[in-house]
Amino acid sequence: MAASCWRPGADPAILRLRAELLTRVRAFFAARGVLEVETPALSVAAISDPHLASFATVYSGPGPRHGRTLYLHTSPEFPMKRLLAAGSGCIYQIARVFRDGEAGRLHNPEFTLLEWYRVGFDHRRLMDEVTDLATELLAEHVPLAEPERLSYRAAFQRHLGLDPHRATVAELAARAERFQVPIPPGMPTDETDSWLDLLLTHRIEPRLGRGRLTFLHDYPASQAALARLRPGDPPVGERFELYLNGIELANGFHELSDAVEQRRRFEWENAARRARGQPEMPVDERLLAALAAGLPDCAGVALGFDRLAMLAAGKQSLAEVLAFPFERA
Amino acid sequence: MATYSTNEFKSGLKIMLDGDPYAIVENEFVKPGKGQAFNRVKVRNLKTGRVIERTFKSGDSVEGADVTDVELQYLYTDGEYWHFMDPQSYEQLTADAAAVGDAAKWLKEEAVCQVTLWNGVPLSVAAPNFVVMTIVETDPGVRGDTSGGGGKPATLDTGAVVRVPLFVQNGEVIKVDTRTGEYVSRVKE
């Protein structure tokens with residue numbers, strides 16, 4: 001170990017910037033009457049999304065949960081929805097969350113999520129509020145042109161010249177070849193979603209939000225995650241992602257409130273896990289019970305606070321804006 | 001040979017792709033908020049020097065390449081092959097023109113070079129960063145010409161040609177940076 005290994009990764013000015021940004025986040029929500037909450041980081045249930053891996057630990061007692069496996073949350077979404085169902089009204093949380101298997105320039109296995117829910121909002125109105133907050137936090141640090149909204153379809157049409165809702169696997173593969181997108185060995189080449197993800201991450205995302213906040217919205221139904229589907233031709237998931245300078249900053253939904261549909265998606269995700277040889281995750285029955293009791297119509301968004309701090313600080317990696325990045329933790 | 005998971009990827013790691021040895025130049029973990037994680041990797045072909053981009057699904061494995069760097073002493077060339085010796089074991093190794101490449105013009109007998117071996121066979125040869133050579137042919141300098149940016153070509157004893165200042169003369173010994181091919185200084189013998 002190097003002699004300097006005890007030192008922080010971020011310099012003092014950055015730590016002050018982080019603190020100032022957090023103060024302004026709290027002031028922003030206080031002014032709008034949104035309540036700050038804290039929910040458990042450990043739960044007997046875990047997210048079943050096959051692309052997210054939860055850290056697990058075992059509780060040694062006392063109490064009835066003695067010996068149970070507990071999972072560290074990957075986002076505070078489920079308990080926050082239980083609060084909403086219980087009538088909390090609009091809420092936000094600044095949560096430290098944990099994701100196994102994610103480390104790199106823009107990933108740290110634990111990081112800070114700013115997550116909030118607005119009762120009575122749809123994803124469009126929430127995009128307005130995300131714009132307000134991000135502009136307030138970033139405008140003095142980063143040049144920002146007028147924000148932009150781009151549907152998933154428009155983004156594919158602009159950058160790849162095809163309609164993602166109608167394109168066949170062969171057409172998507174041909175685009176990947178034309179733009180020399182390297183195909184990962186083992187990628188399921190018969191799945192439309194694999195190609196859409198590949199083209200999105202390689203050809204579109206790096207070009208999103210150049211000098212402005214760009215919202216990508218209205219995803220294919222297969223990528224709706226926890227978003228509502230808006231009937232239409234084709235139906236689209238009322239979901240958005242926010243990009244600035246090619247970096248994904250936030251992911252929001254007009255929230256699904258149908259317990260039956262939610263259970264079906266959890267089961268589908270666990271089936272996908274089985275097919276991939278990944279462990280199945282215990283479904284959050286308390287969330288499903290809350291949805292059954294009635295989630296108010298709401299929209300929610302999770303924003304990567306460390307990435308926002310990185311952009312505000314003009315840095316290139318999360319390691320430069322974390323007091324102690326993973327390697328020094 | 002060992003296999004490496006994408007979790008072990010880092011710059012400098014040597015891996016096999018399509019039958020050729022590659023070195024990882026840059027490794028980036030990419031993961032959309034809702035989607036498959038992968039590693040976007042820039043790799044340099046150790047035979048051709050070409051850098052290409054590849055993508056791996058995170059968690060996948062690739063075969064490692066048996067590539068090592070050793071210091072060998074250059075002995076001689078027979079015109080087709082360049083002969084080197086391991087100064088410790090006295091084992092001799094031969095490198096072909098593809099492996100020696102541009103280093104050929106900087107090789108003087110007994111020079112210690114860094115040689116990259118793939119499966120024990122020289123893959124590439126790096127000349128020492130600085131070499132000392134004798135000028136065998138250059139035009140006489142024009143007296144009093146001190147204009148900057150000038151200089152003149154000089155042929156060295158290995159056949160390499162470098163630009164030298166006008167005051168440097170035939171028969172003089174000079175130091176050359178092989179990475180840039182530039183004259184550094186005169187050397188007093």
# chains A, B, ... in the order shown; residues from 1 in each chain; ligands from 1
$ residues_around --residues "A:Pro234" --least-positions-apart "4" --cutoff "12 Å" --atoms "only C-alpha atoms" --output "mmCIF file with C-alpha atoms, in the first residue's frame"
data_model
loop_
_atom_site.group_PDB
_atom_site.id
_atom_site.type_symbol
_atom_site.label_atom_id
_atom_site.label_comp_id
_atom_site.auth_asym_id
_atom_site.auth_seq_id
_atom_site.Cartn_x
_atom_site.Cartn_y
_atom_site.Cartn_z
ATOM 1 C CA ARG A 153 -38.083 7.054 -31.325
ATOM 2 C CA ASP A 163 -37.724 3.595 -35.973
ATOM 3 C CA PRO A 164 -36.875 1.562 -32.855
ATOM 4 C CA HIS A 165 -40.476 0.438 -32.390
ATOM 5 C CA ARG A 166 -40.715 -1.078 -35.856
ATOM 6 C CA ASP A 218 -41.287 7.288 -24.059
ATOM 7 C CA TYR A 219 -39.385 4.014 -24.102
ATOM 8 C CA PRO A 220 -40.410 0.809 -25.859
ATOM 9 C CA ALA A 221 -42.835 -1.193 -23.734
ATOM 10 C CA SER A 222 -40.193 -3.902 -23.248
ATOM 11 C CA LEU A 229 -47.608 2.042 -20.361
ATOM 12 C CA ARG A 230 -49.383 4.639 -22.429
#
$ interface_residues --of "chain B" --to "chain A" --cutoff "9 Å" --atoms "only C-alpha atoms" --output "PyMOL selection string"
chain B and resi 7+27-40+53-60
$ residues_around --residues "A:Gly87" --least-positions-apart "6" --cutoff "10 Å" --atoms "only C-alpha atoms" --output "list of chain:residue names"
A:Lys81, A:Val119, A:Gly294, A:Leu295, A:Pro296
$ select_by_dssp --residues "stretch 14-55 of chain B" --states "strand (DSSP E or B)" --output "list of chain:residue names"
B:Lys14, B:Ile15, B:Met16, B:Leu17, B:Asp20, B:Pro21, B:Tyr22, B:Ala23, B:Ile24, B:Val25, B:Glu26, B:Asn27, B:Glu28, B:Phe29, B:Val30, B:Phe38, B:Asn39, B:Arg40, B:Val41, B:Lys42, B:Val43, B:Arg44, B:Asn45, B:Val51, B:Ile52, B:Glu53, B:Arg54, B:Thr55
$ write_last_selection --atoms "N, CA, C and O atoms" --output "compact mmCIF listing (two decimals), in the first residue's frame"
# COMPACT_ATOMS: atom_id res chain seq x y z
N LYS B 14 -2.54 -8.49 -21.13
CA LYS B 14 -2.37 -9.08 -22.46
C LYS B 14 -3.38 -10.20 -22.66
O LYS B 14 -3.46 -11.13 -21.87
N ILE B 15 -4.16 -10.07 -23.73
CA ILE B 15 -5.21 -11.07 -23.99
C ILE B 15 -5.17 -11.52 -25.45
O ILE B 15 -4.59 -10.85 -26.30
N MET B 16 -5.78 -12.68 -25.71
CA MET B 16 -5.86 -13.22 -27.06
C MET B 16 -7.20 -12.87 -27.69
O MET B 16 -8.24 -13.08 -27.08
N LEU B 17 -7.18 -12.34 -28.90
CA LEU B 17 -8.41 -12.06 -29.64
C LEU B 17 -8.19 -12.50 -31.08
O LEU B 17 -7.21 -12.08 -31.70
N ASP B 20 -4.70 -13.45 -32.22
CA ASP B 20 -3.57 -12.53 -32.08
C ASP B 20 -3.45 -12.04 -30.63
O ASP B 20 -4.45 -11.90 -29.94
N PRO B 21 -2.21 -11.74 -30.22
CA PRO B 21 -2.05 -11.18 -28.88
C PRO B 21 -2.34 -9.68 -28.89
O PRO B 21 -1.93 -8.96 -29.81
N TYR B 22 -3.05 -9.23 -27.87
CA TYR B 22 -3.42 -7.81 -27.74
C TYR B 22 -3.08 -7.33 -26.33
O TYR B 22 -3.07 -8.11 -25.38
N ALA B 23 -2.83 -6.04 -26.22
CA ALA B 23 -2.68 -5.42 -24.90
C ALA B 23 -3.85 -4.46 -24.71
O ALA B 23 -4.20 -3.72 -25.63
N ILE B 24 -4.43 -4.48 -23.52
CA ILE B 24 -5.52 -3.54 -23.23
C ILE B 24 -4.93 -2.14 -23.03
O ILE B 24 -3.99 -1.96 -22.25
N VAL B 25 -5.47 -1.19 -23.79
CA VAL B 25 -5.00 0.19 -23.69
C VAL B 25 -5.90 0.96 -22.73
O VAL B 25 -5.45 1.76 -21.92
N GLU B 26 -7.20 0.71 -22.85
CA GLU B 26 -8.17 1.46 -22.07
C GLU B 26 -9.35 0.54 -21.81
O GLU B 26 -9.76 -0.20 -22.70
N ASN B 27 -9.87 0.58 -20.60
CA ASN B 27 -10.99 -0.28 -20.25
C ASN B 27 -12.04 0.57 -19.57
O ASN B 27 -11.77 1.20 -18.57
N GLU B 28 -13.25 0.61 -20.13
CA GLU B 28 -14.30 1.38 -19.49
C GLU B 28 -15.50 0.50 -19.19
O GLU B 28 -15.99 -0.21 -20.06
N PHE B 29 -15.96 0.56 -17.94
CA PHE B 29 -17.17 -0.16 -17.52
C PHE B 29 -18.36 0.71 -17.91
O PHE B 29 -18.42 1.88 -17.54
N VAL B 30 -19.27 0.16 -18.70
CA VAL B 30 -20.42 0.92 -19.16
C VAL B 30 -21.68 0.19 -18.71
O VAL B 30 -21.80 -1.02 -18.90
N PHE B 38 -21.53 -3.73 -19.68
CA PHE B 38 -20.45 -4.28 -20.50
C PHE B 38 -19.18 -3.47 -20.34
O PHE B 38 -19.18 -2.41 -19.72
N ASN B 39 -18.11 -4.03 -20.84
CA ASN B 39 -16.83 -3.33 -20.82
C ASN B 39 -16.48 -2.92 -22.23
O ASN B 39 -16.46 -3.76 -23.14
N ARG B 40 -16.27 -1.63 -22.41
CA ARG B 40 -15.83 -1.13 -23.71
C ARG B 40 -14.32 -0.99 -23.62
O ARG B 40 -13.82 -0.27 -22.76
N VAL B 41 -13.62 -1.70 -24.49
CA VAL B 41 -12.18 -1.84 -24.32
C VAL B 41 -11.45 -1.42 -25.58
O VAL B 41 -11.85 -1.80 -26.69
N LYS B 42 -10.40 -0.62 -25.41
CA LYS B 42 -9.51 -0.35 -26.54
C LYS B 42 -8.31 -1.28 -26.39
O LYS B 42 -7.71 -1.34 -25.31
N VAL B 43 -8.00 -2.00 -27.46
CA VAL B 43 -6.89 -2.95 -27.39
C VAL B 43 -5.92 -2.71 -28.54
O VAL B 43 -6.32 -2.31 -29.63
N ARG B 44 -4.63 -2.93 -28.24
CA ARG B 44 -3.60 -2.76 -29.28
C ARG B 44 -3.11 -4.13 -29.71
O ARG B 44 -2.73 -4.96 -28.89
N ASN B 45 -3.17 -4.37 -31.02
CA ASN B 45 -2.63 -5.61 -31.57
C ASN B 45 -1.11 -5.56 -31.43
O ASN B 45 -0.45 -4.66 -31.95
N VAL B 51 -4.73 -0.16 -33.02
CA VAL B 51 -5.63 -0.10 -31.87
C VAL B 51 -7.07 -0.23 -32.36
O VAL B 51 -7.48 0.46 -33.29
N ILE B 52 -7.82 -1.16 -31.77
CA ILE B 52 -9.23 -1.33 -32.15
C ILE B 52 -10.10 -1.30 -30.90
O ILE B 52 -9.59 -1.38 -29.78
N GLU B 53 -11.40 -1.17 -31.10
CA GLU B 53 -12.33 -1.17 -29.97
C GLU B 53 -13.11 -2.47 -29.94
O GLU B 53 -13.53 -2.97 -30.99
N ARG B 54 -13.27 -3.02 -28.76
CA ARG B 54 -14.07 -4.22 -28.59
C ARG B 54 -15.02 -4.03 -27.41
O ARG B 54 -14.76 -3.21 -26.53
N THR B 55 -16.07 -4.82 -27.40
CA THR B 55 -17.02 -4.76 -26.30
C THR B 55 -17.19 -6.15 -25.72
O THR B 55 -17.29 -7.13 -26.47
$ residues_around --residues "A:Thr192" --least-positions-apart "2" --cutoff "9 Å" --atoms "only C-alpha atoms" --output "mmCIF file with all heavy atoms, in the first residue's frame"
data_model
loop_
_atom_site.group_PDB
_atom_site.id
_atom_site.type_symbol
_atom_site.label_atom_id
_atom_site.label_comp_id
_atom_site.auth_asym_id
_atom_site.auth_seq_id
_atom_site.Cartn_x
_atom_site.Cartn_y
_atom_site.Cartn_z
ATOM 1 N N ALA A 167 -38.326 -1.448 -36.121
ATOM 2 C CA ALA A 167 -37.166 -2.065 -36.775
ATOM 3 C C ALA A 167 -37.066 -3.548 -36.441
ATOM 4 O O ALA A 167 -37.365 -3.968 -35.317
ATOM 5 C CB ALA A 167 -35.898 -1.346 -36.337
ATOM 6 N N THR A 168 -36.652 -4.332 -37.404
ATOM 7 C CA THR A 168 -36.444 -5.759 -37.170
ATOM 8 C C THR A 168 -35.033 -5.970 -36.639
ATOM 9 O O THR A 168 -34.178 -5.082 -36.726
ATOM 10 C CB THR A 168 -36.576 -6.544 -38.483
ATOM 11 O OG1 THR A 168 -35.546 -6.073 -39.364
ATOM 12 C CG2 THR A 168 -37.931 -6.330 -39.131
ATOM 13 N N VAL A 169 -34.818 -7.165 -36.090
ATOM 14 C CA VAL A 169 -33.481 -7.519 -35.607
ATOM 15 C C VAL A 169 -32.458 -7.342 -36.731
ATOM 16 O O VAL A 169 -31.366 -6.813 -36.523
ATOM 17 C CB VAL A 169 -33.483 -8.961 -35.053
ATOM 18 C CG1 VAL A 169 -32.073 -9.514 -34.983
ATOM 19 C CG2 VAL A 169 -34.134 -9.002 -33.668
ATOM 20 N N LEU A 172 -31.619 -3.674 -37.233
ATOM 21 C CA LEU A 172 -30.795 -3.159 -36.134
ATOM 22 C C LEU A 172 -29.365 -3.661 -36.277
ATOM 23 O O LEU A 172 -28.399 -2.914 -36.100
ATOM 24 C CB LEU A 172 -31.397 -3.586 -34.793
ATOM 25 C CG LEU A 172 -32.763 -2.970 -34.458
ATOM 26 C CD1 LEU A 172 -33.413 -3.702 -33.291
ATOM 27 C CD2 LEU A 172 -32.620 -1.485 -34.132
ATOM 28 N N PRO A 188 -27.270 -11.875 -26.846
ATOM 29 C CA PRO A 188 -28.362 -12.594 -27.509
ATOM 30 C C PRO A 188 -28.788 -11.846 -28.773
ATOM 31 O O PRO A 188 -29.524 -10.873 -28.697
ATOM 32 C CB PRO A 188 -29.486 -12.607 -26.461
ATOM 33 C CG PRO A 188 -28.953 -11.925 -25.245
ATOM 34 C CD PRO A 188 -27.673 -11.251 -25.588
ATOM 35 N N THR A 189 -28.310 -12.292 -29.932
ATOM 36 C CA THR A 189 -28.497 -11.528 -31.171
ATOM 37 C C THR A 189 -29.883 -11.697 -31.769
ATOM 38 O O THR A 189 -30.192 -11.105 -32.788
ATOM 39 C CB THR A 189 -27.440 -11.940 -32.223
ATOM 40 O OG1 THR A 189 -27.452 -13.365 -32.319
ATOM 41 C CG2 THR A 189 -26.068 -11.471 -31.831
ATOM 42 N N ASP A 190 -30.717 -12.531 -31.107
ATOM 43 C CA ASP A 190 -32.076 -12.682 -31.610
ATOM 44 C C ASP A 190 -33.056 -11.799 -30.840
ATOM 45 O O ASP A 190 -34.246 -11.803 -31.107
ATOM 46 C CB ASP A 190 -32.504 -14.150 -31.533
ATOM 47 C CG ASP A 190 -32.301 -14.730 -30.144
ATOM 48 O OD1 ASP A 190 -31.568 -14.110 -29.338
ATOM 49 O OD2 ASP A 190 -32.877 -15.786 -29.841
ATOM 50 N N SER A 194 -31.621 -6.326 -26.970
ATOM 51 C CA SER A 194 -30.157 -6.322 -26.909
ATOM 52 C C SER A 194 -29.586 -5.350 -27.928
ATOM 53 O O SER A 194 -28.666 -4.590 -27.640
ATOM 54 C CB SER A 194 -29.595 -7.709 -27.214
ATOM 55 O OG SER A 194 -30.081 -8.638 -26.306
ATOM 56 N N TRP A 195 -30.144 -5.383 -29.128
ATOM 57 C CA TRP A 195 -29.663 -4.486 -30.187
ATOM 58 C C TRP A 195 -29.987 -3.034 -29.870
ATOM 59 O O TRP A 195 -29.173 -2.140 -30.093
ATOM 60 C CB TRP A 195 -30.275 -4.889 -31.532
ATOM 61 C CG TRP A 195 -29.726 -6.179 -32.054
ATOM 62 C CD1 TRP A 195 -30.335 -7.398 -32.050
ATOM 63 C CD2 TRP A 195 -28.435 -6.391 -32.645
ATOM 64 N NE1 TRP A 195 -29.515 -8.354 -32.597
ATOM 65 C CE2 TRP A 195 -28.339 -7.770 -32.972
ATOM 66 C CE3 TRP A 195 -27.344 -5.557 -32.918
ATOM 67 C CZ2 TRP A 195 -27.208 -8.319 -33.562
ATOM 68 C CZ3 TRP A 195 -26.212 -6.108 -33.510
ATOM 69 C CH2 TRP A 195 -26.147 -7.470 -33.824
ATOM 70 N N LEU A 196 -31.214 -2.809 -29.348
ATOM 71 C CA LEU A 196 -31.581 -1.432 -28.996
ATOM 72 C C LEU A 196 -30.625 -0.884 -27.940
ATOM 73 O O LEU A 196 -30.126 0.239 -28.049
ATOM 74 C CB LEU A 196 -33.031 -1.381 -28.491
ATOM 75 C CG LEU A 196 -34.120 -1.654 -29.533
ATOM 76 C CD1 LEU A 196 -35.489 -1.675 -28.868
ATOM 77 C CD2 LEU A 196 -34.094 -0.621 -30.658
ATOM 78 N N ASP A 197 -30.355 -1.700 -26.896
ATOM 79 C CA ASP A 197 -29.425 -1.281 -25.833
ATOM 80 C C ASP A 197 -28.043 -0.994 -26.395
ATOM 81 O O ASP A 197 -27.402 -0.006 -26.045
ATOM 82 C CB ASP A 197 -29.287 -2.394 -24.781
ATOM 83 C CG ASP A 197 -30.314 -2.253 -23.669
ATOM 84 O OD1 ASP A 197 -30.999 -1.217 -23.640
ATOM 85 O OD2 ASP A 197 -30.406 -3.177 -22.838
#
$ residues_around --residues "stretch 4-6 of chain A" --least-positions-apart "5" --cutoff "12 Å" --atoms "only C-alpha atoms" --output "ChimeraX atom specification"
/A:323-325,327-329
$ write_last_selection --atoms "C-alpha atoms" --output "short mmCIF file (atom, residue, chain, number, x, y, z; two decimals), in the first residue's frame"
data_model
loop_
_atom_site.label_atom_id
_atom_site.label_comp_id
_atom_site.auth_asym_id
_atom_site.auth_seq_id
_atom_site.Cartn_x
_atom_site.Cartn_y
_atom_site.Cartn_z
CA ALA A 323 -14.36 11.50 -0.21
CA PHE A 324 -13.20 7.91 -0.40
CA PRO A 325 -13.78 6.05 -3.66
CA GLU A 327 -10.55 1.49 -3.88
CA ARG A 328 -9.80 3.56 -0.78
CA ALA A 329 -12.84 2.54 1.25
#
$ atom_distance --atom1 "atom CA of B:Pro87" --atom2 "atom CA of B:Leu13"
26.5 Å
$ residues_around --residues "stretch 122-131 of chain B" --least-positions-apart "6" --cutoff "9 Å" --atoms "only C-alpha atoms" --output "PyMOL selection string"
chain B and resi 46-47+67+93-96+98-108+111-116+174-179+184
$ closest_residue --among "A:Leu137, A:Tyr152, A:Phe215, A:Ser43" --to "A:Val236" --atoms "only C-alpha atoms"
A:Tyr152
$ select_by_dssp --residues "stretch 58-171 of chain B" --states "helix (DSSP H, G or I)" --output "count of residues only"
10
$ closest_residue --among "B:Gly150, B:Tyr74, B:Glu182, B:Pro140" --to "B:Gln169" --atoms "only C-alpha atoms"
B:Pro140
$ closest_residue --among "A:Ala292, A:Ala319, A:Leu42, A:Leu114" --to "A:Asp258" --atoms "only C-alpha atoms"
A:Ala292
$ atom_distance --atom1 "atom CA of A:Leu242" --atom2 "atom CA of A:Val301"
10.0 Å
$ closest_residue --among "B:Glu109, B:Glu172, B:Asp18, B:Glu137" --to "B:Tyr76" --atoms "only C-alpha atoms"
B:Glu109
$ decode --residues "stretch 308-318 of chain A" --atoms "all heavy atoms" --output "compact mmCIF listing (two decimals), in the first residue's frame"
# COMPACT_ATOMS: atom_id res chain seq x y z
N LEU A 308 -23.80 14.19 -10.69
CA LEU A 308 -24.12 15.61 -10.77
C LEU A 308 -22.98 16.44 -10.17
O LEU A 308 -22.54 17.44 -10.76
CB LEU A 308 -25.43 15.88 -10.03
CG LEU A 308 -25.93 17.31 -10.11
CD1 LEU A 308 -27.38 17.35 -10.57
CD2 LEU A 308 -25.80 18.03 -8.79
N ALA A 309 -22.46 15.98 -9.03
CA ALA A 309 -21.34 16.70 -8.40
C ALA A 309 -20.12 16.67 -9.31
O ALA A 309 -19.38 17.66 -9.43
CB ALA A 309 -21.02 16.07 -7.04
N MET A 310 -19.91 15.54 -9.99
CA MET A 310 -18.78 15.41 -10.90
C MET A 310 -18.89 16.43 -12.05
O MET A 310 -17.92 17.11 -12.39
CB MET A 310 -18.75 13.98 -11.46
CG MET A 310 -17.61 13.70 -12.39
SD MET A 310 -17.80 12.06 -13.16
CE MET A 310 -18.66 12.54 -14.65
N LEU A 311 -20.08 16.54 -12.62
CA LEU A 311 -20.28 17.50 -13.71
C LEU A 311 -20.12 18.93 -13.20
O LEU A 311 -19.48 19.76 -13.86
CB LEU A 311 -21.66 17.30 -14.34
CG LEU A 311 -21.81 16.03 -15.17
CD1 LEU A 311 -23.28 15.73 -15.45
CD2 LEU A 311 -21.03 16.13 -16.47
N ALA A 312 -20.66 19.20 -12.00
CA ALA A 312 -20.54 20.56 -11.44
C ALA A 312 -19.07 20.89 -11.19
O ALA A 312 -18.64 22.03 -11.38
CB ALA A 312 -21.34 20.66 -10.14
N ALA A 313 -18.30 19.89 -10.78
CA ALA A 313 -16.89 20.13 -10.45
C ALA A 313 -16.00 20.11 -11.69
O ALA A 313 -14.80 20.38 -11.60
CB ALA A 313 -16.41 19.08 -9.44
N GLY A 314 -16.58 19.76 -12.84
CA GLY A 314 -15.78 19.69 -14.06
C GLY A 314 -14.79 18.53 -14.04
O GLY A 314 -13.73 18.59 -14.66
N LYS A 315 -15.12 17.47 -13.32
CA LYS A 315 -14.23 16.31 -13.24
C LYS A 315 -14.68 15.22 -14.21
O LYS A 315 -15.77 15.26 -14.75
CB LYS A 315 -14.23 15.74 -11.81
CG LYS A 315 -13.70 16.72 -10.77
CD LYS A 315 -12.23 17.00 -10.99
CE LYS A 315 -11.67 17.89 -9.88
NZ LYS A 315 -10.29 18.34 -10.19
N GLN A 316 -13.79 14.24 -14.39
CA GLN A 316 -14.04 13.19 -15.37
C GLN A 316 -14.46 11.87 -14.75
O GLN A 316 -14.92 10.98 -15.45
CB GLN A 316 -12.76 12.94 -16.20
CG GLN A 316 -12.28 14.15 -16.95
CD GLN A 316 -13.31 14.66 -17.93
OE1 GLN A 316 -13.95 13.89 -18.64
NE2 GLN A 316 -13.53 15.98 -17.93
N SER A 317 -14.26 11.71 -13.45
CA SER A 317 -14.58 10.41 -12.85
C SER A 317 -15.17 10.62 -11.46
O SER A 317 -14.87 11.61 -10.77
CB SER A 317 -13.32 9.55 -12.74
OG SER A 317 -12.43 10.13 -11.81
N LEU A 318 -16.00 9.65 -11.05
CA LEU A 318 -16.60 9.73 -9.72
C LEU A 318 -15.55 9.70 -8.63
O LEU A 318 -15.73 10.31 -7.58
CB LEU A 318 -17.56 8.54 -9.51
CG LEU A 318 -18.85 8.52 -10.33
CD1 LEU A 318 -19.76 7.43 -9.80
CD2 LEU A 318 -19.55 9.86 -10.27
